[in-house]
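Student: Starting off with a structure, shown below.
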Amino acid sequence: AAPAEGAMSNGVYVPPSAANGDVKPVVSTTPLVDFLMQLEDYTPTIPDAVTGYYLNRAGFEASDPRIIRLISLAAQKFISDIANDALQHCKMKGTASGSSRNKSKDKKYTLTMEDLTPALAEYGINVKKPHYFT
Amino acid sequence: RAGSKQPTTPADNYYLARRRTLQVVVSSLLTEAGFESAEKAAVETLTEMLQSYISEIGRSAKSYCEHTARTQPTLSDIVVTLVEMGFNVETLPAYAKRSQRMVITAPPVTNQPVTPKALTAGQNKPHPSHIPGHFPEFPDPHTYIKTPTYREPVSDYQVLREKAASQRRDVERALTRFMAKTGETQSLFKDDVSTFPLIAARPFTVPYLTALLPSELEMQQMEETDSSEQDDQTDTENLPLHISTDDSGPEKENASVLQQNSSLSGSRNGEENMIDNPYLRPVKKPKIRRKK
């Protein structure tokens with residue numbers, strides 16, 4: 001019996017069950033190869049020396065400096081995703097009761113542990129800080 | 001950590017500088033997200049997460065690369081690592097293009113190599129070519145240099161021969177003196193007994209008897225085989241022994257004398273074979289005194 005027809009994209013067989021769900025299988029790395037070429041123009045926030053230092057401590061010897069930039073970019077995105085989630089938590093708490101409707105919530109958001117903890121919990125990272133400091 | 005009074009080594013400074021850079025990076029990312037300020041604990045948490053994230057990517061990518069028998073990590077290794085860590089790789093180009101808005105801060109850290117202290121002794125061995133440059137240096141040579149504390153043994157032929165000869169003479173002398181002291185002695189001189197003791201010769205009643213009789217060892221073996229002749233097992237043992245002696249007999253030229261010699265040598269060889277390895281000795285059943 002022939003295998004069930006699935007979505008064929010780029011000549012790679014994608015099973016139909018997976019195509020509907022949230023997680024799509026990573027098809028290939030060709031888009032990233034192109035992206036790597038573009039990466040030479042863009043400098044990520046983390047300097048190459050710092051990322052390289054931590055990668056060297058882990059035993060990773062980078063042959064291509066663009067790979068270091070890719071990793072620093074991935075790490076940046078990781079942190080900024082968490083920061084965005086924490087910001088949304090902060091905004092939800094602020095305007096939950098509908099305090100101010102004339103002007104939007106004041107633009108001064110402060111990142112606190114109360115916002116960060118639920119944002120991290122969604123990623124599976126549990127932090128517990130004491131409420132008081134002696 | 002800010003309040004610690006411990007003096008920092010150059011290596012610590014090196015590490016702290018990069019840590020501070022990471023904190024600056026985290027702060028800039030938070031600013032870009034829209035926060036005006038942040039708690040110190042939150043910034044520390046995110047810094048720690050960032051550092052461990054980078055280290056984990058490096059370690060995991062290296063593991064994947066070595067898993068396929070390579071040493072240089074490639075793009076595929078990193079992609080697989082990111083996927084394994086739950087990172088959505090397809091959104092990465094979009095993120096890069098998006099954040100072109102603002103943030104290119106955090107000037108690179110100036111090079112602070114670890115300066116050697118005044119305690120280094122001697123020059124460290126340089127890295128061989130197969131070791132990457134960022135690995136720590138070799139320790140001081142005095143930690144692994146070994147100097148043998150013994151003198152070289154003398155290997156001169158003449159000296160060795162002299163030593164061997166003198167040792168043999170000393171051993172002989174000591175052994176004979178021991179036998180003289182513990183056994184009966186005869187003395188050469190009438191008055192002085194202890195100066196040159198001679199081991200007393202035991203006169204036999206029939207002096208030529210020892211030449212004719214078999215030696216004591218063979219007497220022992222013959223006794224053992226005679227006493228356990230009642231068991232079948234030793235009979236089979238005797239058979240190959242006798243067979244071997246019979247076989248070796250015709251092979252010799254002369255019949256009678258040499259046959260006795262060969263039987264002696266055969267039994268002695270057999271005994272040597274038995275004695276040689278105690279684990280290979282045939283099982284000796286205890287002597288059963290049958291009451292007849």
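Order determines the names: the first chain of the structure tokens is A, the second B, and so forth; residues in each chain are numbered 1 upward, and ligands are numbered 1 upward as they are shown.
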Would you kindly report the residues of chain B within 6 Å of chain A, using only C-alpha atoms, as a PyMOL selection string?

Tutor: chain B and resi 18+33+35-39+42+55+58-59+62+104+108

Student: Please identify which residues in stretch 5-223 of chain B DSSP calls strand (DSSP E) from the backbone, and express them as a ChimeraX atom specification.

Tutor: /B:35-38,185-187,197-199

Student: What would the file look like if the residues just selected were written as an mmCIF file, in the first residue's frame with C-alpha atoms?

Tutor:
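File produced: part-v4.cif:
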data_model
loop_
_atom_site.group_PDB
_atom_site.id
_atom_site.type_symbol
_atom_site.label_atom_id
_atom_site.label_comp_id
_atom_site.auth_asym_id
_atom_site.auth_seq_id
_atom_site.Cartn_x
_atom_site.Cartn_y
_atom_site.Cartn_z
ATOM 1 C CA PHE B 35 10.446 48.549 30.297
ATOM 2 C CA GLU B 36 11.667 51.726 31.907
ATOM 3 C CA SER B 37 13.257 50.162 34.901
ATOM 4 C CA ALA B 38 13.703 46.791 36.419
ATOM 5 C CA THR B 185 81.675 -30.957 63.169
ATOM 6 C CA GLN B 186 85.132 -32.279 62.873
ATOM 7 C CA SER B 187 88.073 -30.034 63.406
ATOM 8 C CA PRO B 197 84.906 -26.291 61.541
ATOM 9 C CA LEU B 198 84.365 -28.968 59.009
ATOM 10 C CA ILE B 199 81.057 -30.572 58.479
#

Student: Could you state the separation of atom CA of B:Arg202 and atom CA of B:Glu184 in Å, given to one decimal place?

Tutor: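 Computing the Euclidean distance for atom CA of B:Arg202 and atom CA of B:Glu184 yields 9.2 Å.
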